[in-house]
2 protein chains.
Amino acid sequence: MADAQQTTVQFARGLEGVIAAETRIGFVDGNLGRLVYRGFDISTLVEQSNYEEVSYLLLNGKLPNKEEYSNYVSRLKKLKYLEKDEYDLISKLGKVSHPMSTLRTVVSYIGAKDPRTVEPDVAVQEDLGLELIAKMPTIVAAINRAHNGLDFVKPDPDLSYSSDFFYQSLGRKPSTIEAKMLDTALILHADHGMNASTFAAMLTISTLSDMYSSATSAISALKGPLHGGANERALSLIQKVGVPENAEKIIGEMIDRKDKIMGFGHRVYKVYDPRAKILKQFAERVTTANKQQVLFKTANKIEEVMISRLGSKGIFPNVDFYSGMLYYSIGFNPDIFTPIFAVGRISGWVARALEYVRDNKIFRPKALYSGETGPKKYVPVNERD
Amino acid sequence: MADAQQTTVQFARGLEGVIAAETRIGFVDGNLGRLVYRGFDISTLVEQSNYEEVSYLLLNGKLPNKEEYSNYVSRLKKLKYLEKDEYDLISKLGKVSHPMSTLRTVVSYIGAKDPRTVEPDVAVQEDLGLELIAKMPTIVAAINRAHNGLDFVKPDPDLSYSSDFFYQSLGRKPSTIEAKMLDTALILHADHGMNASTFAAMLTISTLSDMYSSATSAISALKGPLHGGANERALSLIQKVGVPENAEKIIGEMIDRKDKIMGFGHRVYKVYDPRAKILKQFAERVTTANKQQVLFKTANKIEEVMISRLGSKGIFPNVDFYSGMLYYSIGFNPDIFTPIFAVGRISGWVARALEYVRDNKIFRPKALYSGETGPKKYVPVNERD
C-alpha cells in the first residue's frame with residue numbers, strides 16, 4: 001500500500017467552488033448584484049409580493065393563482081399553532097438557553113412527536129415542510145417571549161405570516177411600515193444559494209431522513225457564528241460607534257488596523273448587496289418612528305466612511321448591516337436575530353431539501369487520508385510512552 | 001446574462017468521489033478489505049483493545065498510556081449520568097417516537113441546557129465531545145427502556161463503556177462473550193470514512209456551531225434509511241427466510257428477480273467486509289447461548305447461497321448482516337439498532353468534527369443554477385393561470 005503521507009493531492013477546502021447540486025430555485029449574481037428567486041428579481045418580489053407568495057414560489061416554481069394562494073395561506077394559518085407541551089418546552093429552555101439551541105430542540109421535539117416522520121415519502125415530506133414553514137414564526141416568537149421572561153402571545157388567525165410573527169414576538173401589532181419592513185426582511189432571507197445551513201438540510205434529507213431532521217440540521221449549522229450572527233455583530237459595531245460624529249475616527253482606525261468590519265463586504269457580491277439596498281430604504285423611517293434615529297444616522301455615516309475608503313475595492317454594506325439595526329429598532333434583542341433569519345430561511349431550506357430529495361442521491365464525498373496506514377502493532381498499555 | 005439552461009456542466013451528484021477534507025483518523029481500503037483507525041487494523045483493535053481505548057485513539061491519534069487511559073475512563077464514568085429532566089424527556093418521547101427522533105431531541109436538549117455551548121472555543125468543544133461520548137450509551141439505553149415500556153436502569157459506576165450500555169439497556173449484566181461481542185460491535189462502528197452523518201457533523205461544526213449541534217445533525221442524517229437501518233432490514237430478511245432449508249429457494253428467487261438483498265455488498269468493500277468477518281466469529285456462540293441458533297444457521301445458509309451465486313462479483317456479507325442478528329439475539333428490538341450504531345459512531349463523529357474545526361474552513365459549495373434567470377415580470381394574482 002502506498003504511503004498516503006507522501007502523496008500530494010489538491011482539493012478544495014470547504015468545498016469552495018465545488019458544484020454539489022443542481023437547482024432551479026435561486027441564484028445569486030455577485031457581479032451584477034442580483035438575487036433571483038425562480039427568475040424573479042428580489043426587488044420585484046419585495047415591491048409587489050409578500051412572504052406567503054414568495055414561499056409558494058420557492059416551493060412550487062411559479063406564483064400561485066388566486067385559488068392556490070388562498071389554499072396555501074389557509075394551510076399555513078391552520079398549521080401555525082403550537083401545543084401546550086411545546087410551549088412548556090420553550091418556557092423551560094427559553095430563559096436559560098441560547099435561542100438557537102432552544103429552536104433546534106423544539107423543532108426536533110415537534111418532529112419526534114409526529115408519526116409521519118418515521119419513514120416519509122416525498123408527499124409526506126412536502127406536508128412536513130409546509131408545517132415547518134407555518135410553525136417557525138410561532139416557535140421563534142415564543143422563544144423570544146420566554147427568553148425575555150414575557151408571557152406568550154398566541155397566534156392571531158387574521159394576521160399575515162410576518163405580521164403575526166411581529167405580533168407574537170413583540171406583543172403589539174406592527175405599523176404599516178413595520179409590517180412591510182419585516183415582511184421584506186423575511187423575503188430577503190428566504191433563500192441564498194448553497195450556504196452551510198441549506199446544504200445541511202439537503203445532506204440530511206439525502207439519507208431519506210425526514211424534513212424535521214433536515215430542519216434540525218439546518219438550525220444546528222445556522223447557529224454557528226460563521227453563518228448566522230453577523231447582524232448581531234454589525235449592530236454592536238453601530239452601537240459602539242454610538243453617534244455619527246465618531247464614525248470617521250473609529251471606523252478609520254479600524255480600517256487602518258485592518259480589523260474585520262462587520263456588516264461590510266460579501267464573499268459573493270462584488271457590488272452593493274441588493275438586499276442591503278432594499279433594507280436601507282426602510283431604515284430611516286422605521287428607526288425614526290421607533291426613536292432610534294441615531295442608530296440610522298450613525299450607520300449611514302459608517303457607510304459613508306467605508307465606501308469612501310473601501311468602495312473602490314468592492315466593499316459595501318451587506319444585508320446584515322441594516323437587518324440588525326432594523327430588528328433592534330422595532331424591539332427585538334440581538335440574541336434573537338439569528339432565529340429571525342431562520343424564520344425567513346425556512347422556505348428556502350424546505351424548497352431546496354424537497355428539490356433535492358425528489359431526484360435524490362445520498363451525499364457521500366471522500367476524505368483524503370494522510371495518516372499512518374500501518375498496520376501498526378498493538379503495544380500493551382504498561383509498555384506505552 | 002447567459003441563459004444557464006443552455007449550459008451543460010458536469011458535476012458529481014452526491015459529491016461522489018469528490019474529496020471534501022483531509023483526515024488522519026481512519027481509512028477504508030475496499031480492495032484489500034482493511035479498515036484502519038490511526039494506522040491500526042480494526043482486527044488488531046478488537047482483539048487486543050477495548051472501546052474506551054479506541055475512542056481515545058480516534059480522538060488523540062495514539063493509544064493512551066496507563067495514566068492517560070485511567071484519566072480518560074474516569075472522565076467518561078463521571079460524565080455518563082443523566083439528570084432527572086433528561087429522563088423525563090426520554091419517558092415522554094420514548095414510547096411514541098421513532099428512537100432516532102428521540103435521540104436527536106434529547107441530545108439537542110442536553111446541549112441547549114449547557115451554557116458552554118453558546119460560543120465554544122476548541123478546548124470547550126473537546127470537553128463537550130467527551131461528554132457526548134460518555135452520555136450516548138446512557139441516553140440510548142434509556143430510550144430503549146422507555147420505548148419498550150420498561151423502567152430505567154441507571155448507570156453502574158463499575159462497568160465498562162459497552163457493558164454498562166448492555167446493562168442499562170437490557171437490565172442484566174452481559175456474559176463474557178456478550179460483553180466482548182458488544183464492545184467489538186461498538187469498535188467496528190466507531191468510524192467509517194466520510195459517511196453522511198460524519199459529514200453532517202463536520203459541516204455543522206464548520207460554522208463554529210457547538211459539538212452538541214454537530215452531534216444533533218449527525219443523528220438527523222443517520223436517521224435516514226439510506227444511512228442507518230440496513231441491519232434492521234437484514235435481520236428482517238433472515239427472519240423472513242426463517243429456517244436454513246428455505247434459503248436456497250427464497251434467496252435464489254430474489255437474486256433472479258434482481259431484488260436488493262439487504263446485508264450484502266458494499267459501495268467501498270470489493271472483498272469480504274472486515275467488520276462482518278469479525279462479527280461472524282461471535283454469531284454462532286452468542287446466538288446459541290441466547291437460543292437464537294436458528295437465526296445464525298439461516299444467516300449462514302443465506303451467506304452460502306449468496307456467495308455461491310454472487311461472490312465472484314464481489315458481493316459478500318457486510319457488517320449489517322451480522323450486527324442486526326447479534327443485537328437481536330441479546331435482546332434488542334430492531335428499531336433500536338440505528339441508535340446502537342450512534343453509540344459506536346459517536347467517537348468518530350466527535351474525532352472528525354474536532355479534527356476539522358482545529359483547521360477550520362466553513363463548507364460552502366456551489367449549486368449549478370439551471371432555472372430561469374429572468375428578470376421575470378410580476379403578474380398580479382387575478383391575472384395568473
# chains A, B, ... in the order shown; residues from 1 in each chain; ligands from 1
>>> residues_around(residues="Gln125 in chain A", least_positions_apart="5", cutoff="7 Å", atoms="only C-alpha atoms", output="VMD selection string")
chain A and resid 120 210 to 211
>>> residues_around(residues="range 298-308 of chain B", least_positions_apart="6", cutoff="8 Å", atoms="only C-alpha atoms", output="list in words")
Ile238, Val241, Gly242, Val243, Pro244, Glu245, Ala247, Glu248, Ile251, Gly252, Ile315, Phe316 and Pro317 of chain B
>>> closest_residue(among="B:Thr176, B:Ser370, B:Thr198, B:Ser213", to="Ala112 in chain B", atoms="only C-alpha atoms")
B:Ser213
>>> residues_around(residues="Gly30 in chain B", least_positions_apart="4", cutoff="8 Å", atoms="only C-alpha atoms", output="PDB file with N, CA, C and O atoms, in the first residue's frame")
ATOM      1  N   ARG B  34      -9.518  -3.725   4.245  1.00  0.00           N
ATOM      2  CA  ARG B  34      -8.954  -3.248   5.506  1.00  0.00           C
ATOM      3  C   ARG B  34      -9.717  -2.027   5.989  1.00  0.00           C
ATOM      4  O   ARG B  34     -10.028  -1.124   5.221  1.00  0.00           O
ATOM      5  N   VAL B 268     -17.900   0.371  -0.908  1.00  0.00           N
ATOM      6  CA  VAL B 268     -16.437   0.510  -0.854  1.00  0.00           C
ATOM      7  C   VAL B 268     -15.738  -0.854  -0.872  1.00  0.00           C
ATOM      8  O   VAL B 268     -14.786  -1.067  -1.604  1.00  0.00           O
ATOM      9  N   TYR B 269     -16.227  -1.794  -0.038  1.00  0.00           N
ATOM     10  CA  TYR B 269     -15.543  -3.092   0.044  1.00  0.00           C
ATOM     11  C   TYR B 269     -15.852  -3.953  -1.168  1.00  0.00           C
ATOM     12  O   TYR B 269     -17.019  -4.238  -1.455  1.00  0.00           O
ATOM     13  N   LYS B 270     -14.818  -4.373  -1.871  1.00  0.00           N
ATOM     14  CA  LYS B 270     -14.996  -5.266  -3.005  1.00  0.00           C
ATOM     15  C   LYS B 270     -14.672  -6.703  -2.589  1.00  0.00           C
ATOM     16  O   LYS B 270     -14.795  -7.637  -3.380  1.00  0.00           O
ATOM     17  N   VAL B 271     -14.222  -6.871  -1.359  1.00  0.00           N
ATOM     18  CA  VAL B 271     -13.955  -8.202  -0.795  1.00  0.00           C
ATOM     19  C   VAL B 271     -14.802  -8.316   0.469  1.00  0.00           C
ATOM     20  O   VAL B 271     -15.622  -7.451   0.754  1.00  0.00           O
TER      21      VAL B 271
END
>>> atom_distance(atom1="CA of Gly14 in chain A", atom2="CA of Thr204 in chain B")
11.8 Å
>>> closest_residue(among="B:Ala142, B:Ala201, B:Ile330, B:Val124", to="Tyr356 in chain B", atoms="only C-alpha atoms")
B:Ala201
>>> closest_residue(among="A:Asn360, A:Asn333, A:Asn144, A:Ser220", to="Ser236 in chain A", atoms="only C-alpha atoms")
A:Asn333
>>> select_by_dssp(residues="range 64-284 of chain A", states="alpha helix (DSSP H)", output="ChimeraX atom specification")
/A:66-79,84-94,99-113,122-147,161-170,176-188,196-205,211-222,230-241,244-256,274-284
>>> closest_residue(among="B:Phe321, B:Tyr161, B:Tyr378, B:Tyr212", to="Arg116 in chain B", atoms="only C-alpha atoms")
B:Tyr212
>>> residues_around(residues="Gly324 in chain A", least_positions_apart="6", cutoff="10 Å", atoms="only C-alpha atoms", output="ChimeraX atom specification")
/A:229-236,238,263,332-334,336-338
>>> write_last_selection(atoms="N, CA and C atoms", output="CSV table (one decimal), in the first residue's frame")
chain,number,residue,atom,x,y,z
A,229,GLY,N,-25.6,35.3,12.8
A,229,GLY,CA,-25.0,36.1,13.8
A,229,GLY,C,-24.2,37.3,13.4
A,230,ALA,N,-24.0,37.5,12.1
A,230,ALA,CA,-23.3,38.7,11.6
A,230,ALA,C,-24.0,40.0,11.9
A,231,ASN,N,-25.4,39.9,11.8
A,231,ASN,CA,-26.1,41.2,12.1
A,231,ASN,C,-26.1,41.6,13.5
A,232,GLU,N,-26.0,40.6,14.4
A,232,GLU,CA,-25.7,41.0,15.9
A,232,GLU,C,-24.5,41.8,16.0
A,233,ARG,N,-23.4,41.3,15.3
A,233,ARG,CA,-22.1,42.0,15.5
A,233,ARG,C,-22.1,43.3,14.7
A,234,ALA,N,-22.8,43.4,13.6
A,234,ALA,CA,-22.9,44.7,12.9
A,234,ALA,C,-23.6,45.7,13.8
A,235,LEU,N,-24.7,45.3,14.4
A,235,LEU,CA,-25.4,46.3,15.3
A,235,LEU,C,-24.5,46.7,16.4
A,236,SER,N,-23.8,45.7,16.9
A,236,SER,CA,-22.9,46.0,18.1
A,236,SER,C,-21.8,47.1,17.6
A,238,ILE,N,-22.3,49.4,15.3
A,238,ILE,CA,-23.0,50.7,15.2
A,238,ILE,C,-23.2,51.3,16.6
A,263,GLY,N,-20.7,43.6,8.8
A,263,GLY,CA,-21.8,44.2,8.0
A,263,GLY,C,-21.3,44.8,6.7
A,332,PHE,N,-36.6,43.9,18.9
A,332,PHE,CA,-36.0,42.6,19.1
A,332,PHE,C,-34.6,42.8,19.8
A,333,ASN,N,-34.3,41.9,20.7
A,333,ASN,CA,-32.9,41.9,21.2
A,333,ASN,C,-32.0,41.2,20.3
A,334,PRO,N,-30.7,41.6,20.3
A,334,PRO,CA,-29.8,41.0,19.3
A,334,PRO,C,-29.7,39.4,19.3
A,336,ILE,N,-31.9,37.3,19.4
A,336,ILE,CA,-32.9,36.7,18.6
A,336,ILE,C,-32.8,36.9,17.1
A,337,PHE,N,-31.8,37.6,16.7
A,337,PHE,CA,-31.6,37.9,15.3
A,337,PHE,C,-31.4,36.7,14.4
A,338,THR,N,-30.6,35.7,14.9
A,338,THR,CA,-30.4,34.5,14.1
A,338,THR,C,-31.6,33.7,14.0
>>> closest_residue(among="B:Gly344, B:Tyr322, B:Lys377, B:Gln239", to="Val294 in chain B", atoms="only C-alpha atoms")
B:Gln239
>>> atom_distance(atom1="CA of Leu15 in chain B", atom2="CA of Gly224 in chain B")
17.8 Å
>>> closest_residue(among="B:Ala179, B:Ala215, B:Ala276, B:Leu354", to="chain A", atoms="only C-alpha atoms")
B:Ala215
>>> residues_around(residues="range 42-49 of chain B", least_positions_apart="5", cutoff="6 Å", atoms="only C-alpha atoms", output="ChimeraX atom specification")
/B:35-36,184
>>> atom_distance(atom1="CA of Ser217 in chain B", atom2="CA of Ile340 in chain B")
16.6 Å
